[in-house]
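Asks: This is the content of structure.cif (mmCIF, C-alpha atoms):
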```cif
data_work
#
loop_
_atom_site.label_atom_id
_atom_site.label_comp_id
_atom_site.auth_asym_id
_atom_site.auth_seq_id
_atom_site.Cartn_x
_atom_site.Cartn_y
_atom_site.Cartn_z
CA MET A 1 -33.26 8.45 1.11
CA SER A 2 -32.75 11.17 3.70
CA ILE A 3 -29.74 11.09 6.02
CA ARG A 4 -30.77 12.11 9.54
CA PHE A 5 -29.20 11.89 13.00
CA ASP A 6 -32.27 12.23 15.22
CA GLY A 7 -31.62 10.87 18.71
CA LYS A 8 -27.87 10.68 18.15
CA VAL A 9 -25.15 12.53 20.04
CA ALA A 10 -22.12 13.87 18.20
CA ILE A 11 -18.87 15.41 19.41
CA VAL A 12 -16.96 17.62 16.96
CA THR A 13 -13.50 18.81 18.01
CA GLY A 14 -12.07 22.06 16.69
CA ALA A 15 -15.61 23.17 15.93
CA GLY A 16 -15.35 26.89 16.66
CA ASN A 17 -14.38 27.84 13.12
CA GLY A 18 -14.06 26.57 9.57
CA LEU A 19 -14.76 22.93 8.85
CA GLY A 20 -15.56 21.97 12.43
CA ARG A 21 -18.13 24.74 12.73
CA SER A 22 -19.73 23.67 9.46
CA HIS A 23 -19.77 20.01 10.56
CA ALA A 24 -21.32 20.81 13.94
CA MET A 25 -24.04 23.03 12.51
CA ALA A 26 -24.93 20.53 9.78
CA LEU A 27 -25.12 17.60 12.20
CA ALA A 28 -27.39 19.64 14.46
CA ALA A 29 -29.56 20.70 11.52
CA ARG A 30 -30.14 17.02 10.77
CA GLY A 31 -31.22 16.18 14.30
CA ALA A 32 -28.05 15.39 16.25
CA LYS A 33 -27.33 16.74 19.71
CA VAL A 34 -23.86 18.26 19.31
CA VAL A 35 -20.93 18.95 21.61
CA VAL A 36 -19.09 21.86 20.01
CA ASN A 37 -15.50 21.54 21.21
CA ASP A 38 -12.92 24.25 20.64
CA LEU A 39 -9.98 25.56 22.63
CA GLY A 40 -10.21 28.87 20.79
CA GLY A 41 -6.59 29.18 19.75
CA ALA A 42 -4.96 30.56 16.63
CA VAL A 43 -4.07 28.42 13.60
CA ASP A 44 -0.62 27.74 15.09
CA GLY A 45 -2.16 26.56 18.37
CA THR A 46 -1.27 29.63 20.43
CA GLY A 47 -3.72 31.54 22.61
CA HIS A 48 -7.24 30.71 23.68
CA ASP A 49 -10.68 32.29 23.74
CA ALA A 50 -11.29 35.43 25.72
CA GLY A 51 -14.85 36.44 26.55
CA VAL A 52 -17.55 34.64 24.53
CA SER A 53 -15.87 31.58 23.07
CA ALA A 54 -15.92 30.58 19.42
CA ALA A 55 -17.55 27.32 20.48
CA GLN A 56 -20.31 29.14 22.35
CA GLN A 57 -21.02 31.32 19.32
CA VAL A 58 -21.55 28.17 17.25
CA VAL A 59 -23.80 26.75 19.96
CA ASP A 60 -25.84 29.96 20.00
CA GLU A 61 -26.35 29.71 16.23
CA ILE A 62 -27.40 26.07 16.50
CA ARG A 63 -29.89 26.84 19.26
CA LYS A 64 -31.25 29.82 17.36
CA ALA A 65 -31.98 27.46 14.46
CA GLY A 66 -33.83 25.10 16.80
CA GLY A 67 -31.06 22.57 17.43
CA GLU A 68 -29.46 21.21 20.59
CA ALA A 69 -25.80 21.86 21.41
CA VAL A 70 -23.38 22.59 24.23
CA ALA A 71 -19.98 24.26 24.13
CA ASN A 72 -16.81 22.63 25.42
CA GLY A 73 -13.33 24.10 25.71
CA ALA A 74 -11.29 20.93 26.26
CA ASN A 75 -7.75 20.79 24.93
CA VAL A 76 -7.64 17.53 22.96
CA THR A 77 -3.98 16.99 23.93
CA ASN A 78 -4.97 16.95 27.61
CA VAL A 79 -6.34 13.56 28.64
CA LYS A 80 -7.99 14.95 31.78
CA ASP A 81 -9.79 17.61 29.73
CA VAL A 82 -10.94 15.04 27.18
CA ASN A 83 -12.19 12.57 29.79
CA LYS A 84 -14.23 15.32 31.46
CA MET A 85 -15.73 16.29 28.08
CA ILE A 86 -16.86 12.69 27.62
CA SER A 87 -18.22 12.31 31.15
CA ASP A 88 -20.09 15.62 30.87
CA THR A 89 -21.61 14.51 27.56
CA LEU A 90 -22.74 11.18 29.03
CA GLU A 91 -24.17 12.90 32.08
CA GLN A 92 -26.20 15.25 29.90
CA TRP A 93 -27.29 12.99 27.06
CA GLY A 94 -26.46 9.42 28.11
CA ARG A 95 -24.74 8.28 24.94
CA ILE A 96 -22.18 9.17 22.26
CA ASP A 97 -22.81 8.03 18.70
CA ILE A 98 -20.44 10.10 16.56
CA LEU A 99 -16.96 11.47 17.20
CA VAL A 100 -15.44 13.80 14.60
CA ASN A 101 -11.71 14.26 15.25
CA ASN A 102 -11.30 17.61 13.51
CA ALA A 103 -9.11 19.72 15.82
CA GLY A 104 -5.81 20.74 14.24
CA ILE A 105 -3.07 23.33 13.99
CA LEU A 106 -0.33 24.27 11.53
CA ARG A 107 3.33 25.14 12.12
CA ASP A 108 4.74 24.98 8.60
CA LYS A 109 8.47 25.13 7.90
CA THR A 110 10.93 23.14 5.86
CA PHE A 111 12.25 20.14 7.77
CA SER A 112 15.72 21.67 8.05
CA LYS A 113 14.33 24.80 9.75
CA MET A 114 11.61 23.16 11.83
CA SER A 115 12.17 22.81 15.56
CA LEU A 116 11.43 19.46 17.19
CA ASP A 117 9.02 21.27 19.52
CA ASP A 118 6.96 22.45 16.53
CA PHE A 119 7.05 18.95 15.05
CA ARG A 120 5.97 17.37 18.32
CA LEU A 121 3.14 19.83 19.00
CA VAL A 122 1.52 19.32 15.59
CA VAL A 123 1.72 15.54 16.02
CA ASP A 124 0.30 15.87 19.55
CA VAL A 125 -2.73 17.85 18.38
CA HIS A 126 -3.58 15.87 15.25
CA LEU A 127 -2.53 12.35 16.19
CA MET A 128 -2.63 12.25 19.98
CA GLY A 129 -5.71 14.48 20.02
CA SER A 130 -7.46 11.88 17.87
CA VAL A 131 -6.10 9.07 20.05
CA ASN A 132 -7.21 10.76 23.28
CA CYS A 133 -10.74 11.45 22.07
CA SER A 134 -11.16 8.04 20.43
CA LYS A 135 -9.88 6.27 23.53
CA ALA A 136 -12.25 8.28 25.74
CA VAL A 137 -15.37 7.27 23.73
CA TRP A 138 -14.27 3.70 22.97
CA ASP A 139 -15.73 1.92 26.00
CA THR A 140 -19.01 3.79 25.67
CA MET A 141 -19.35 2.78 22.02
CA ARG A 142 -18.42 -0.81 22.89
CA GLU A 143 -21.15 -0.94 25.51
CA GLN A 144 -23.65 0.59 23.07
CA GLN A 145 -22.51 -1.90 20.39
CA SER A 146 -22.50 1.02 17.99
CA GLY A 147 -20.65 4.21 17.13
CA THR A 148 -18.83 6.07 14.40
CA ILE A 149 -15.39 7.66 14.71
CA ILE A 150 -14.19 9.94 11.93
CA MET A 151 -10.54 10.91 11.54
CA THR A 152 -9.48 13.99 9.59
CA THR A 153 -6.57 13.20 7.31
CA SER A 154 -5.09 15.34 4.51
CA SER A 155 -3.55 15.16 1.07
CA SER A 156 -0.41 16.43 2.83
CA GLY A 157 -0.24 13.12 4.68
CA LEU A 158 -1.49 10.87 1.90
CA TYR A 159 0.73 12.38 -0.81
CA GLY A 160 3.06 14.95 0.77
CA ASN A 161 3.28 18.73 0.71
CA PHE A 162 6.31 21.02 0.88
CA GLY A 163 7.02 22.44 4.34
CA GLN A 164 4.59 20.18 6.16
CA SER A 165 6.62 17.25 7.46
CA ASN A 166 5.02 17.52 10.91
CA TYR A 167 1.48 17.92 9.60
CA GLY A 168 1.94 15.27 6.91
CA ALA A 169 3.35 12.75 9.38
CA ALA A 170 0.44 13.30 11.76
CA LYS A 171 -2.19 13.14 9.02
CA MET A 172 -0.85 9.84 7.67
CA ALA A 173 -0.60 8.48 11.21
CA VAL A 174 -4.34 8.90 11.79
CA ILE A 175 -4.91 6.57 8.82
CA GLY A 176 -2.87 3.89 10.57
CA LEU A 177 -4.95 4.54 13.68
CA MET A 178 -8.15 4.26 11.64
CA ASN A 179 -7.08 0.96 10.10
CA VAL A 180 -6.40 -0.73 13.44
CA LEU A 181 -9.43 0.71 15.26
CA GLU A 182 -11.65 -0.38 12.38
CA ILE A 183 -10.42 -3.96 12.78
CA GLU A 184 -10.75 -3.94 16.57
CA GLY A 185 -14.14 -2.22 16.51
CA GLN A 186 -15.87 -4.55 14.07
CA LYS A 187 -17.29 -6.97 16.67
CA TYR A 188 -18.63 -4.05 18.71
CA GLY A 189 -20.41 -2.33 15.85
CA ILE A 190 -17.93 0.56 15.85
CA LYS A 191 -17.15 2.03 12.45
CA VAL A 192 -14.04 4.11 11.82
CA LYS A 193 -13.66 6.31 8.74
CA ALA A 194 -11.68 9.33 7.52
CA ILE A 195 -12.30 12.57 5.66
CA SER A 196 -9.57 14.19 3.56
CA PRO A 197 -10.84 17.75 3.15
CA CYS A 198 -9.90 20.55 0.79
CA ALA A 199 -11.53 23.82 1.83
CA ALA A 200 -10.70 27.51 1.99
CA THR A 201 -10.36 27.74 5.78
CA ARG A 202 -7.89 29.61 7.99
CA MET A 203 -5.34 26.90 7.21
CA LEU A 204 -5.40 27.73 3.50
CA GLU A 205 -5.50 31.50 3.98
CA GLY A 206 -3.21 33.19 1.45
CA LEU A 207 -2.48 29.94 -0.37
CA VAL A 208 -5.36 29.94 -2.88
CA ASP A 209 -6.78 32.68 -5.10
CA GLU A 210 -10.21 34.28 -4.80
CA GLN A 211 -11.80 32.03 -7.42
CA ALA A 212 -10.57 28.89 -5.66
CA GLU A 213 -11.86 30.24 -2.32
CA LYS A 214 -15.36 30.51 -3.78
CA ILE A 215 -15.20 26.93 -5.04
CA LEU A 216 -13.59 25.30 -2.01
CA THR A 217 -16.44 25.84 0.44
CA VAL A 218 -16.57 24.21 3.85
CA GLU A 219 -20.13 23.12 3.06
CA SER A 220 -18.95 20.95 0.18
CA VAL A 221 -16.65 19.07 2.57
CA THR A 222 -19.33 18.82 5.24
CA ALA A 223 -21.62 17.02 2.79
CA GLY A 224 -18.98 14.29 2.67
CA LEU A 225 -18.63 14.33 6.45
CA LEU A 226 -22.37 13.84 6.90
CA PHE A 227 -22.25 10.84 4.58
CA LEU A 228 -19.36 9.35 6.57
CA ALA A 229 -21.24 9.91 9.83
CA SER A 230 -24.23 7.98 8.48
CA ASP A 231 -24.76 4.24 8.50
CA GLU A 232 -24.68 4.34 4.69
CA ALA A 233 -20.91 4.88 4.55
CA PRO A 234 -18.64 1.84 4.66
CA SER A 235 -16.17 1.57 7.49
CA ARG A 236 -12.51 2.34 6.72
CA LEU A 237 -13.40 4.62 3.82
CA ILE A 238 -11.05 7.56 3.24
CA LEU A 239 -13.30 10.09 1.53
CA ALA A 240 -11.53 12.98 -0.19
CA ALA A 241 -13.84 15.99 -0.51
CA GLY A 242 -13.48 19.51 -1.85
CA GLY A 243 -15.28 21.96 -4.12
CA GLY A 244 -18.01 19.47 -4.93
CA GLY A 245 -15.55 16.71 -5.84
CA TYR A 246 -15.62 13.41 -3.94
CA ALA A 247 -13.19 10.52 -4.30
CA ALA A 248 -11.90 7.52 -2.36
CA ALA A 249 -8.23 7.50 -1.38
CA ARG A 250 -6.87 3.97 -1.12
CA ILE A 251 -3.61 2.19 -0.39
CA TYR A 252 -2.84 -0.67 -2.74
CA GLU A 253 -0.06 -3.26 -2.82
CA THR A 254 1.21 -4.78 -6.04
CA ASP A 255 1.29 -8.54 -6.41
CA GLY A 256 5.09 -8.40 -6.62
CA LEU A 257 7.44 -11.29 -7.29
CA TYR A 258 9.14 -14.19 -5.50
CA LEU A 259 12.89 -14.79 -5.49
CA PRO A 260 14.28 -18.10 -4.15
CA PRO A 261 16.90 -17.86 -1.35
CA GLU A 262 19.91 -18.05 -3.64
CA GLN A 263 18.52 -15.18 -5.75
CA GLN A 264 17.48 -12.85 -2.91
CA THR A 265 19.95 -10.09 -3.70
CA PRO A 266 19.52 -6.35 -4.29
CA GLU A 267 20.78 -6.87 -7.84
CA ASN A 268 17.99 -9.32 -8.62
CA ILE A 269 15.38 -6.99 -7.11
CA ALA A 270 16.74 -4.22 -9.35
CA ALA A 271 16.65 -6.51 -12.39
CA ASN A 272 12.99 -7.37 -11.71
CA ILE A 273 11.76 -4.01 -10.46
CA HIS A 274 9.28 -3.85 -13.37
CA GLN A 275 7.49 -6.86 -11.85
CA VAL A 276 7.57 -5.33 -8.37
CA LEU A 277 5.94 -2.18 -9.76
CA ASP A 278 3.44 -3.97 -12.05
CA ASP A 279 0.00 -2.86 -10.83
CA THR A 280 -2.15 -5.17 -12.95
CA ARG A 281 -2.87 -7.48 -9.99
CA GLN A 282 -2.63 -5.00 -7.15
CA LYS A 283 -4.97 -5.36 -4.18
CA MET A 284 -6.21 -3.25 -1.29
CA LEU A 285 -5.21 -5.30 1.75
CA GLN A 286 -7.44 -5.19 4.82
CA GLN A 287 -4.98 -6.38 7.48
CA GLY A 288 -1.21 -6.47 7.83
CA ASN A 289 -1.12 -10.27 8.04
CA GLU A 290 -2.53 -10.48 4.50
CA GLN A 291 0.86 -9.30 3.27
CA THR A 292 2.56 -12.02 5.34
CA VAL A 293 0.23 -14.69 3.97
CA LYS A 294 0.82 -13.48 0.40
CA PHE A 295 4.60 -13.66 0.70
CA VAL A 296 4.51 -17.10 2.35
CA GLN A 297 2.19 -18.44 -0.36
CA LYS A 298 4.46 -17.03 -3.07
CA ALA A 299 7.45 -18.73 -1.46
CA LEU A 300 5.66 -22.06 -1.14
CA SER A 301 4.43 -21.98 -4.74
CA GLY A 302 7.89 -21.02 -5.92
CA GLN A 303 9.65 -23.97 -4.27
#
```
Turn the structure described in the file into structure tokens.

Replies:
Amino acid sequence: MSIRFDGKVAIVTGAGNGLGRSHAMALAARGAKVVVNDLGGAVDGTGHDAGVSAAQQVVDEIRKAGGEAVANGANVTNVKDVNKMISDTLEQWGRIDILVNNAGILRDKTFSKMSLDDFRLVVDVHLMGSVNCSKAVWDTMREQQSGTIIMTTSSSGLYGNFGQSNYGAAKMAVIGLMNVLEIEGQKYGIKVKAISPCAATRMLEGLVDEQAEKILTVESVTAGLLFLASDEAPSRLILAAGGGGYAAARIYETDGLYLPPEQQTPENIAANIHQVLDDTRQKMLQQGNEQTVKFVQKALSGQ
């Protein structure tokens, strides 16, 4: 089996450097027409490209290798910018098959020292940037009855990381966005997935040693991204990828217990916490109402 994207159009945000650059070049190498989006700012979101943009440099490399690509400097937090990027893509190529929400910034500080402006900006770029781009391609994918949207999450969101409350909150939020869009997109053939990357990019600069840098290549993550972008990957998959390791991150809920009305006290929950935490019958729920149904069924069977 060979994974190819011939005839498909892909948009990759934050594609001027690091993971986004690697994703864009690999998609193009496998036949996709690629919109290379990048504002050209620093890791903390300040500044922008001067002269030949980072996005254009990636486009030039893709074209030199025989691929098709165009550069785009839209700010993903600006709805007008994003809508123009989508309309320009449709005008040039007539369709959009793959959206990779990769754009991101860092403004790390402990929660006590972090300004609300820094918190809000990181959430705006990661979460609202993904919302804006996904919203802009949604109707097109509905009309096509096909499309793949990929969110970029992080272990900082899934599990937590010191000094990254803003980043972690945003990266977990895109999983909630993925879950709902996956449900709403099913009848239109839209698949929504997520990559949780670990790579030695600008965001990890100074945080890992030289040996780890050699292992944590962007190419190893991009292999996972290409799989997610293909029809072979199941919708709603959170694929963790780094250094040649690939794993599925999943949210499970334990079976729990039922307490009748007269026993519904914090003391009785504490006394039975071992049953609440028992993971022998845990399940990965697919919709929020499954939890409601479970609790109602437990109550009815307990009466």

Asks: Any chance you could work out the residue set of the PyMOL selection byres ((chain A and resi 18) around 10) here, as a PyMOL selection string?

Replies: chain A and resi 14-17+19-23+199-203+217-219

Asks: Any chance you could work out the residue set of the PyMOL selection byres ((chain A and resi 107) around 10) here, as a short mmCIF file (atom, residue, chain, number, x, y, z; two decimals) with C-alpha atoms, in the coordinates of the input?

Replies:
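Wrote part.cif, looks like this:
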```cif
data_model
loop_
_atom_site.label_atom_id
_atom_site.label_comp_id
_atom_site.auth_asym_id
_atom_site.auth_seq_id
_atom_site.Cartn_x
_atom_site.Cartn_y
_atom_site.Cartn_z
CA VAL A 43 -4.07 28.42 13.60
CA ASP A 44 -0.62 27.74 15.09
CA GLY A 45 -2.16 26.56 18.37
CA ILE A 105 -3.07 23.33 13.99
CA LEU A 106 -0.33 24.27 11.53
CA ASP A 108 4.74 24.98 8.60
CA LYS A 109 8.47 25.13 7.90
CA MET A 114 11.61 23.16 11.83
CA SER A 115 12.17 22.81 15.56
CA ASP A 118 6.96 22.45 16.53
CA PHE A 119 7.05 18.95 15.05
CA LEU A 121 3.14 19.83 19.00
CA VAL A 122 1.52 19.32 15.59
CA GLY A 163 7.02 22.44 4.34
CA GLN A 164 4.59 20.18 6.16
CA SER A 165 6.62 17.25 7.46
CA ASN A 166 5.02 17.52 10.91
CA TYR A 167 1.48 17.92 9.60
#
```

Asks: Grab the atom CA of Gly129 of chain A to atom CA of Val174 of chain A distance for me, in Å with one decimal place.

Replies: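 Computing it gives 10.0 Å between the two atoms.
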
Asks: Quick one: distance from atom CA of Val276 of chain A to atom CA of Leu257 of chain A in Å, one decimal?

Replies: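 That distance, rounded to one decimal, is 6.1 Å.
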
Asks: What does the structure give for the distance between atom CA of Ile3 of chain A and atom CA of Leu177 of chain A, in Å to one decimal?

Replies: 26.8 Å

Asks: I need the residue nearest Met128 of chain A from this list: A:Thr265, A:Ser196, A:Asn75, A:Ser220. Use all atoms listed in the file for the distance.

Replies: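 The closest residue to Met128 of chain A is A:Asn75.
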
Asks: Taking the file above as input, evaluate the PyMOL selection byres ((chain A and resi 37) around 12) and report the hits as an MDAnalysis selection string.

Replies: chainID A and resid 10:17 20:21 23:24 34:36 38:41 53:59 69:76 81:82 85:86 89 99:104 133

Asks: Please provide as number ranges by chain all residues within 12 Å of Gln286 of chain A, with the sequence filter that same-chain residues fewer than 2 positions apart are discarded (counting only C-alpha atoms).

Replies: A: 176, 178-180, 182-183, 235-237, 250-253, 283-284, 288-291

Asks: Could you pull the residues within 9 Å of segment 227-230 of chain A, counting all atoms listed in the file, minus those fewer than 2 positions along the same chain, as a list in words?

Replies: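 Those residues are Ile3, Arg4, Phe5, Leu27, Ile98, Leu99, Val100, Thr148, Ile149, Ile150, Lys193, Ala194, Ile195, Thr222, Ala223, Gly224, Leu225, Glu232, Ala233, Pro234, Ser235, Leu237 and Leu239 of chain A.
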
Asks: How about saving the chosen residues, C-alpha atoms kept, as a PDB file, in the coordinates of the input?

Replies:
```pdb
ATOM      1  CA  ILE A   3     -29.740  11.090   6.020  1.00  0.00           C
ATOM      2  CA  ARG A   4     -30.770  12.110   9.540  1.00  0.00           C
ATOM      3  CA  PHE A   5     -29.200  11.890  13.000  1.00  0.00           C
ATOM      4  CA  LEU A  27     -25.120  17.600  12.200  1.00  0.00           C
ATOM      5  CA  ILE A  98     -20.440  10.100  16.560  1.00  0.00           C
ATOM      6  CA  LEU A  99     -16.960  11.470  17.200  1.00  0.00           C
ATOM      7  CA  VAL A 100     -15.440  13.800  14.600  1.00  0.00           C
ATOM      8  CA  THR A 148     -18.830   6.070  14.400  1.00  0.00           C
ATOM      9  CA  ILE A 149     -15.390   7.660  14.710  1.00  0.00           C
ATOM     10  CA  ILE A 150     -14.190   9.940  11.930  1.00  0.00           C
ATOM     11  CA  LYS A 193     -13.660   6.310   8.740  1.00  0.00           C
ATOM     12  CA  ALA A 194     -11.680   9.330   7.520  1.00  0.00           C
ATOM     13  CA  ILE A 195     -12.300  12.570   5.660  1.00  0.00           C
ATOM     14  CA  THR A 222     -19.330  18.820   5.240  1.00  0.00           C
ATOM     15  CA  ALA A 223     -21.620  17.020   2.790  1.00  0.00           C
ATOM     16  CA  GLY A 224     -18.980  14.290   2.670  1.00  0.00           C
ATOM     17  CA  LEU A 225     -18.630  14.330   6.450  1.00  0.00           C
ATOM     18  CA  GLU A 232     -24.680   4.340   4.690  1.00  0.00           C
ATOM     19  CA  ALA A 233     -20.910   4.880   4.550  1.00  0.00           C
ATOM     20  CA  PRO A 234     -18.640   1.840   4.660  1.00  0.00           C
ATOM     21  CA  SER A 235     -16.170   1.570   7.490  1.00  0.00           C
ATOM     22  CA  LEU A 237     -13.400   4.620   3.820  1.00  0.00           C
ATOM     23  CA  LEU A 239     -13.300  10.090   1.530  1.00  0.00           C
TER      24      LEU A 239
END
```

Asks: Using all atoms listed in the file, pick whichever of A:Ala26, A:Met151, A:Val79, A:Leu90 has the shortest atom-to-atom distance to Asn132 of chain A.

Replies: A:Val79

Asks: Counting only C-alpha atoms, which residues come within 9 Å of (7.0, -8.4, -5.2), with the point read in the file's coordinates, and could you list them as a ChimeraX atom specification?

Replies: /A:254-259,269,272-273,275-278,295
